[in-house]
>>> print(open('entry31.tsv').read())   # TSV, C-alpha atoms and all ligand atoms
chain	number	residue	atom	x	y	z
Q	13	MET	CA	7.62	11.98	6.33
Q	14	ASP	CA	5.48	10.69	9.17
Q	15	ALA	CA	1.71	10.98	9.52
Q	16	ILE	CA	1.92	14.15	11.64
Q	17	ASP	CA	4.00	15.97	9.00
Q	18	ILE	CA	1.68	14.88	6.20
Q	19	LEU	CA	-1.41	15.90	8.18
Q	20	ARG	CA	0.12	19.30	8.90
Q	21	LYS	CA	1.06	19.85	5.25
Q	22	LEU	CA	-2.40	18.91	4.01
Q	23	LYS	CA	-4.10	21.01	6.68
Q	24	ASN	CA	-2.14	24.01	5.40
Q	25	LYS	CA	-3.54	23.25	1.95
Q	26	GLY	CA	-7.05	23.19	3.40
Q	27	VAL	CA	-7.57	19.40	3.28
Q	28	ARG	CA	-10.00	18.18	5.91
Q	29	PHE	CA	-8.90	15.17	7.95
Q	30	THR	CA	-11.26	12.86	9.83
Q	31	PRO	CA	-10.05	10.12	12.21
Q	32	GLN	CA	-10.94	7.59	9.48
Q	33	ARG	CA	-8.77	9.35	6.92
Q	34	GLN	CA	-5.97	9.53	9.45
Q	35	ALA	CA	-6.27	5.78	10.09
Q	36	ILE	CA	-5.94	5.09	6.34
Q	37	LEU	CA	-2.78	7.19	6.14
Q	38	GLU	CA	-1.27	5.65	9.28
Q	39	PHE	CA	-1.93	2.12	8.04
Q	40	LEU	CA	-0.22	2.84	4.71
Q	41	LEU	CA	2.80	4.35	6.46
Q	42	SER	CA	3.08	1.39	8.84
Q	43	THR	CA	2.95	-1.49	6.37
Q	44	LYS	CA	5.30	-2.76	3.68
Q	45	SER	CA	2.60	-5.02	2.20
Q	46	HIS	CA	1.39	-2.68	-0.58
Q	47	PRO	CA	-2.28	-3.32	0.30
Q	48	THR	CA	-5.23	-3.08	-2.07
Q	49	ALA	CA	-8.07	-0.63	-1.32
Q	50	GLU	CA	-10.12	-3.62	-0.13
Q	51	GLU	CA	-7.40	-4.67	2.31
Q	52	ILE	CA	-7.11	-1.10	3.62
Q	53	TYR	CA	-10.89	-1.07	4.02
Q	54	GLN	CA	-10.85	-4.32	6.05
Q	55	HIS	CA	-8.08	-2.98	8.26
Q	56	VAL	CA	-9.62	0.44	8.94
Q	57	ARG	CA	-13.10	-1.06	9.42
Q	58	ALA	CA	-11.84	-3.05	12.43
Q	59	LYS	CA	-11.37	0.26	14.25
Q	60	PHE	CA	-14.01	2.38	12.48
Q	61	PRO	CA	-16.93	0.07	11.63
Q	62	GLY	CA	-18.79	2.95	9.94
Q	63	VAL	CA	-16.12	3.67	7.34
Q	64	SER	CA	-17.18	3.21	3.69
Q	65	LEU	CA	-15.22	1.92	0.73
Q	66	GLY	CA	-15.95	5.34	-0.85
Q	67	THR	CA	-14.04	7.06	1.95
Q	68	ILE	CA	-11.13	4.70	1.35
Q	69	TYR	CA	-11.03	5.52	-2.37
Q	70	ASN	CA	-11.48	9.29	-1.85
Q	71	THR	CA	-8.70	9.38	0.70
Q	72	LEU	CA	-6.34	7.29	-1.44
Q	73	ASN	CA	-6.96	9.56	-4.44
Q	74	MET	CA	-6.39	12.68	-2.36
Q	75	LEU	CA	-3.14	11.33	-0.86
Q	76	LYS	CA	-1.97	10.28	-4.32
Q	77	GLU	CA	-2.77	13.67	-5.88
Q	78	HIS	CA	-0.76	15.42	-3.18
Q	79	GLY	CA	2.19	13.07	-3.78
Q	80	HIS	CA	2.17	11.30	-0.41
Q	81	ILE	CA	1.51	7.76	-1.65
Q	82	LEU	CA	2.00	5.72	-4.83
Q	83	GLU	CA	-0.60	3.72	-6.70
Q	84	LEU	CA	0.78	0.63	-8.40
Q	85	SER	CA	-1.78	-0.40	-10.99
Q	86	TYR	CA	-1.86	-3.88	-12.51
Q	87	GLY	CA	-4.19	-3.78	-15.49
Q	88	ASP	CA	-7.61	-5.02	-14.46
Q	89	MET	CA	-6.41	-6.38	-11.11
Q	90	SER	CA	-6.82	-4.20	-8.04
Q	91	SER	CA	-4.25	-1.48	-7.59
Q	92	ARG	CA	-1.80	-1.69	-4.70
Q	93	PHE	CA	-1.00	1.34	-2.57
Q	94	ASP	CA	2.42	2.27	-1.23
Q	95	GLY	CA	3.08	4.69	1.64
Q	96	ASN	CA	6.52	5.42	0.20
Q	97	PRO	CA	5.99	8.01	-2.57
Q	98	ASP	CA	9.61	8.02	-3.79
Q	99	ASN	CA	10.17	6.04	-6.97
Q	100	HIS	CA	11.53	2.58	-6.20
Q	101	TYR	CA	11.32	-0.82	-7.85
Q	102	HIS	CA	9.19	-3.82	-6.97
Q	103	LEU	CA	9.16	-7.60	-7.23
Q	104	VAL	CA	5.76	-9.22	-7.81
Q	105	CYS	CA	5.02	-12.88	-7.07
Q	106	SER	CA	3.12	-14.46	-9.95
Q	107	LYS	CA	1.69	-17.13	-7.62
Q	108	CYS	CA	0.43	-15.29	-4.52
Q	109	GLY	CA	0.45	-11.71	-5.83
Q	110	LYS	CA	2.67	-10.36	-3.07
Q	111	VAL	CA	4.54	-7.12	-3.90
Q	112	VAL	CA	7.98	-6.58	-2.34
Q	113	ASP	CA	10.29	-3.55	-2.46
Q	114	PHE	CA	13.52	-3.76	-4.42
Q	115	HIS	CA	15.63	-0.80	-3.32
Q	116	ARG	CA	18.50	0.07	-5.64
Q	117	PRO	CA	19.66	3.31	-7.25
Q	118	LEU	CA	17.22	4.34	-9.99
Q	119	LEU	CA	18.34	3.54	-13.53
Q	120	ASP	CA	19.39	6.66	-15.40
Q	121	VAL	CA	17.25	5.96	-18.48
Q	122	ASN	CA	14.71	8.78	-18.63
Q	123	HIS	CA	16.87	10.96	-20.87
Q	124	GLU	CA	17.51	8.07	-23.24
Q	125	ALA	CA	13.77	7.34	-23.42
Q	126	GLU	CA	13.12	11.02	-24.24
Q	127	GLU	CA	15.70	11.01	-27.02
Q	128	MET	CA	14.34	7.85	-28.58
Q	129	SER	CA	10.63	8.72	-28.31
Q	130	GLY	CA	10.28	12.48	-28.35
Q	131	PHE	CA	8.24	12.16	-25.15
Q	132	ARG	CA	8.82	14.52	-22.28
Q	133	VAL	CA	9.54	11.72	-19.80
Q	134	LEU	CA	8.30	12.30	-16.26
Q	135	GLY	CA	9.46	9.03	-14.77
Q	136	HIS	CA	9.67	5.30	-15.18
Q	137	ARG	CA	8.45	2.25	-13.38
Q	138	MET	CA	10.16	-1.14	-13.14
Q	139	GLU	CA	8.85	-4.41	-11.82
Q	140	PHE	CA	10.25	-7.90	-11.63
Q	141	TYR	CA	7.93	-10.88	-11.93
Q	142	GLY	CA	8.68	-14.24	-10.43
Q	143	VAL	CA	7.99	-16.63	-7.57
Q	144	CYS	CA	8.54	-15.44	-3.99
Q	145	PRO	CA	10.59	-17.49	-1.45
Q	146	GLU	CA	7.44	-18.76	0.32
Q	147	CYS	CA	5.84	-19.93	-2.92
Q	148	ARG	CA	9.13	-21.50	-4.02
Q	149	LYS	CA	9.11	-23.58	-0.80
Q	150	ASP	CA	5.57	-24.75	-1.65
Q	151	GLU	CA	6.70	-25.67	-5.16
Q	152	MET	CA	9.36	-27.98	-3.73
Q	153	ASN	CA	6.87	-29.93	-1.57
Q	201	ZN	ZN	4.31	-15.86	-3.56
Q	202	MN	MN	7.08	-0.15	-2.42
>>> encode(input="entry31.tsv", output="C-alpha cells")
Amino acid sequence: MDAIDILRKLKNKGVRFTPQRQAILEFLLSTKSHPTAEEIYQHVRAKFPGVSLGTIYNTLNMLKEHGHILELSYGDMSSRFDGNPDNHYHLVCSKCGKVVDFHRPLLDVNHEAEEMSGFRVLGHRMEFYGVCPECRKDEMN
C-alpha cells in the first residue's frame, strides 16, 4: 500500500492527518533502514522544524495500531520502525545495530507452538544476529 491508500483508509476511519504525520508515514514507506523514533524525528524536523517528538510517537503508535507499520522492539534499546507491516524476518548487526530484511517464506511453526504451549498463537518473530558485511570489512583491517 502506498501513502495515498493508507491516508484514504485512515481518513475513512476518522483519523486526522497533518502534513507532519504524512511526512512520517512517507519517510517510513520510502526507507529500508528500520529507523528509530529519534531518527524519524531528525528526518521530519528537517522539513517541519516545529514537529515534536510527541507527534512522532503518537503517529507511530496510531499507524501501528491500524496495522500499517511494524515496531521491532529490542529490550531497553530504542525500537525500530518498519513501513512493511507484513511479517518478515530480519538480520541485526551486533556491531553497528543495522537491521536488514531477510525475505523468505514464513516458517510454518505457529500450530506447533500452539500444540506445545496451549497458547493461542497470533504470530512469531525471527531475527538473526551477526556482523554485517560493512563491519566484517572493518574487522579485517
Ligand atoms: Zn554492522
Ligand atoms: Mn523489515
>>> atom_distance(input="entry31.tsv", atom1="atom CA of Q:Gly87", atom2="atom CA of Q:Glu146")
24.7 Å
>>> residues_around(input="entry31.tsv", residues="stretch 131-140 of chain Q", least_positions_apart="2", cutoff="7 Å", atoms="only C-alpha atoms", output="tab-separated table (two decimals) with C-alpha atoms, keeping the file's coordinate frame")
chain	number	residue	atom	x	y	z
Q	101	TYR	CA	11.32	-0.82	-7.85
Q	102	HIS	CA	9.19	-3.82	-6.97
Q	103	LEU	CA	9.16	-7.60	-7.23
Q	104	VAL	CA	5.76	-9.22	-7.81
Q	122	ASN	CA	14.71	8.78	-18.63
Q	126	GLU	CA	13.12	11.02	-24.24
Q	129	SER	CA	10.63	8.72	-28.31
Q	142	GLY	CA	8.68	-14.24	-10.43
>>> residues_near_ligand(input="entry31.tsv", ligand="ligand MN 202 (chain Q)", cutoff="12 Å", atoms="only C-alpha atoms and all ligand atoms", output="PyMOL selection string")
chain Q and resi 40-41+43-47+81-84+92-104+110-116+137-139
>>> write_last_selection(input="entry31.tsv", atoms="C-alpha atoms", output="PDB file, keeping the file's coordinate frame")
ATOM      1  CA  LEU Q  40      -0.220   2.840   4.710  1.00  0.00           C
ATOM      2  CA  LEU Q  41       2.800   4.350   6.460  1.00  0.00           C
ATOM      3  CA  THR Q  43       2.950  -1.490   6.370  1.00  0.00           C
ATOM      4  CA  LYS Q  44       5.300  -2.760   3.680  1.00  0.00           C
ATOM      5  CA  SER Q  45       2.600  -5.020   2.200  1.00  0.00           C
ATOM      6  CA  HIS Q  46       1.390  -2.680  -0.580  1.00  0.00           C
ATOM      7  CA  PRO Q  47      -2.280  -3.320   0.300  1.00  0.00           C
ATOM      8  CA  ILE Q  81       1.510   7.760  -1.650  1.00  0.00           C
ATOM      9  CA  LEU Q  82       2.000   5.720  -4.830  1.00  0.00           C
ATOM     10  CA  GLU Q  83      -0.600   3.720  -6.700  1.00  0.00           C
ATOM     11  CA  LEU Q  84       0.780   0.630  -8.400  1.00  0.00           C
ATOM     12  CA  ARG Q  92      -1.800  -1.690  -4.700  1.00  0.00           C
ATOM     13  CA  PHE Q  93      -1.000   1.340  -2.570  1.00  0.00           C
ATOM     14  CA  ASP Q  94       2.420   2.270  -1.230  1.00  0.00           C
ATOM     15  CA  GLY Q  95       3.080   4.690   1.640  1.00  0.00           C
ATOM     16  CA  ASN Q  96       6.520   5.420   0.200  1.00  0.00           C
ATOM     17  CA  PRO Q  97       5.990   8.010  -2.570  1.00  0.00           C
ATOM     18  CA  ASP Q  98       9.610   8.020  -3.790  1.00  0.00           C
ATOM     19  CA  ASN Q  99      10.170   6.040  -6.970  1.00  0.00           C
ATOM     20  CA  HIS Q 100      11.530   2.580  -6.200  1.00  0.00           C
ATOM     21  CA  TYR Q 101      11.320  -0.820  -7.850  1.00  0.00           C
ATOM     22  CA  HIS Q 102       9.190  -3.820  -6.970  1.00  0.00           C
ATOM     23  CA  LEU Q 103       9.160  -7.600  -7.230  1.00  0.00           C
ATOM     24  CA  VAL Q 104       5.760  -9.220  -7.810  1.00  0.00           C
ATOM     25  CA  LYS Q 110       2.670 -10.360  -3.070  1.00  0.00           C
ATOM     26  CA  VAL Q 111       4.540  -7.120  -3.900  1.00  0.00           C
ATOM     27  CA  VAL Q 112       7.980  -6.580  -2.340  1.00  0.00           C
ATOM     28  CA  ASP Q 113      10.290  -3.550  -2.460  1.00  0.00           C
ATOM     29  CA  PHE Q 114      13.520  -3.760  -4.420  1.00  0.00           C
ATOM     30  CA  HIS Q 115      15.630  -0.800  -3.320  1.00  0.00           C
ATOM     31  CA  ARG Q 116      18.500   0.070  -5.640  1.00  0.00           C
ATOM     32  CA  ARG Q 137       8.450   2.250 -13.380  1.00  0.00           C
ATOM     33  CA  MET Q 138      10.160  -1.140 -13.140  1.00  0.00           C
ATOM     34  CA  GLU Q 139       8.850  -4.410 -11.820  1.00  0.00           C
TER      35      GLU Q 139
END
>>> residues_near_ligand(input="entry31.tsv", ligand="ligand ZN 201 (chain Q)", cutoff="6 Å", atoms="only C-alpha atoms and all ligand atoms", output="list of chain:residue names")
Q:Cys105, Q:Lys107, Q:Cys108, Q:Lys110, Q:Val143, Q:Cys144, Q:Glu146, Q:Cys147
>>> residues_around(input="entry31.tsv", residues="Q:Ser90", least_positions_apart="5", cutoff="8 Å", atoms="all atoms listed in the file", output="ChimeraX atom specification")
/Q:48-49,85
>>> atom_distance(input="entry31.tsv", atom1="atom CA of Q:Ala35", atom2="atom CA of Q:Tyr86")
25.0 Å
>>> atom_distance(input="entry31.tsv", atom1="atom CA of Q:Thr71", atom2="atom CA of Q:Arg33")
6.2 Å
>>> closest_residue(input="entry31.tsv", among="Q:Thr67, Q:Gln54, Q:Asn153, Q:Ser91", to="Q:Gln34", atoms="only C-alpha atoms")
Q:Thr67
>>> residues_around(input="entry31.tsv", residues="Q:Ile16", least_positions_apart="4", cutoff="10 Å", atoms="all atoms listed in the file", output="PyMOL selection string")
chain Q and resi 20-22+34+38
>>> write_last_selection(input="entry31.tsv", atoms="C-alpha atoms", output="short mmCIF file (atom, residue, chain, number, x, y, z; two decimals), in the frame of the given file")
data_model
loop_
_atom_site.label_atom_id
_atom_site.label_comp_id
_atom_site.auth_asym_id
_atom_site.auth_seq_id
_atom_site.Cartn_x
_atom_site.Cartn_y
_atom_site.Cartn_z
CA ARG Q 20 0.12 19.30 8.90
CA LYS Q 21 1.06 19.85 5.25
CA LEU Q 22 -2.40 18.91 4.01
CA GLN Q 34 -5.97 9.53 9.45
CA GLU Q 38 -1.27 5.65 9.28
#
>>> axis_aligned_box(input="entry31.tsv", around="stretch 136-151 of chain Q", padding_each_side="8 Å", output="AutoDock Vina command-line options")
--center_x 8.1 --center_y -10.2 --center_z -7.4 --size_x 21.0 --size_y 47.0 --size_z 31.5
>>> residues_near_point(input="entry31.tsv", point="(-11.3, 4.2, 4.3)", cutoff="7 Å", atoms="all atoms listed in the file", output="list in words")
Gln32, Arg33, Ile36, Ile52, Tyr53, Val56, Val63, Ser64, Leu65, Thr67, Ile68, Tyr69 and Thr71 of chain Q
>>> write_last_selection(input="entry31.tsv", atoms="C-alpha atoms", output="short mmCIF file (atom, residue, chain, number, x, y, z; two decimals), in the coordinates of the input")
data_model
loop_
_atom_site.label_atom_id
_atom_site.label_comp_id
_atom_site.auth_asym_id
_atom_site.auth_seq_id
_atom_site.Cartn_x
_atom_site.Cartn_y
_atom_site.Cartn_z
CA GLN Q 32 -10.94 7.59 9.48
CA ARG Q 33 -8.77 9.35 6.92
CA ILE Q 36 -5.94 5.09 6.34
CA ILE Q 52 -7.11 -1.10 3.62
CA TYR Q 53 -10.89 -1.07 4.02
CA VAL Q 56 -9.62 0.44 8.94
CA VAL Q 63 -16.12 3.67 7.34
CA SER Q 64 -17.18 3.21 3.69
CA LEU Q 65 -15.22 1.92 0.73
CA THR Q 67 -14.04 7.06 1.95
CA ILE Q 68 -11.13 4.70 1.35
CA TYR Q 69 -11.03 5.52 -2.37
CA THR Q 71 -8.70 9.38 0.70
#
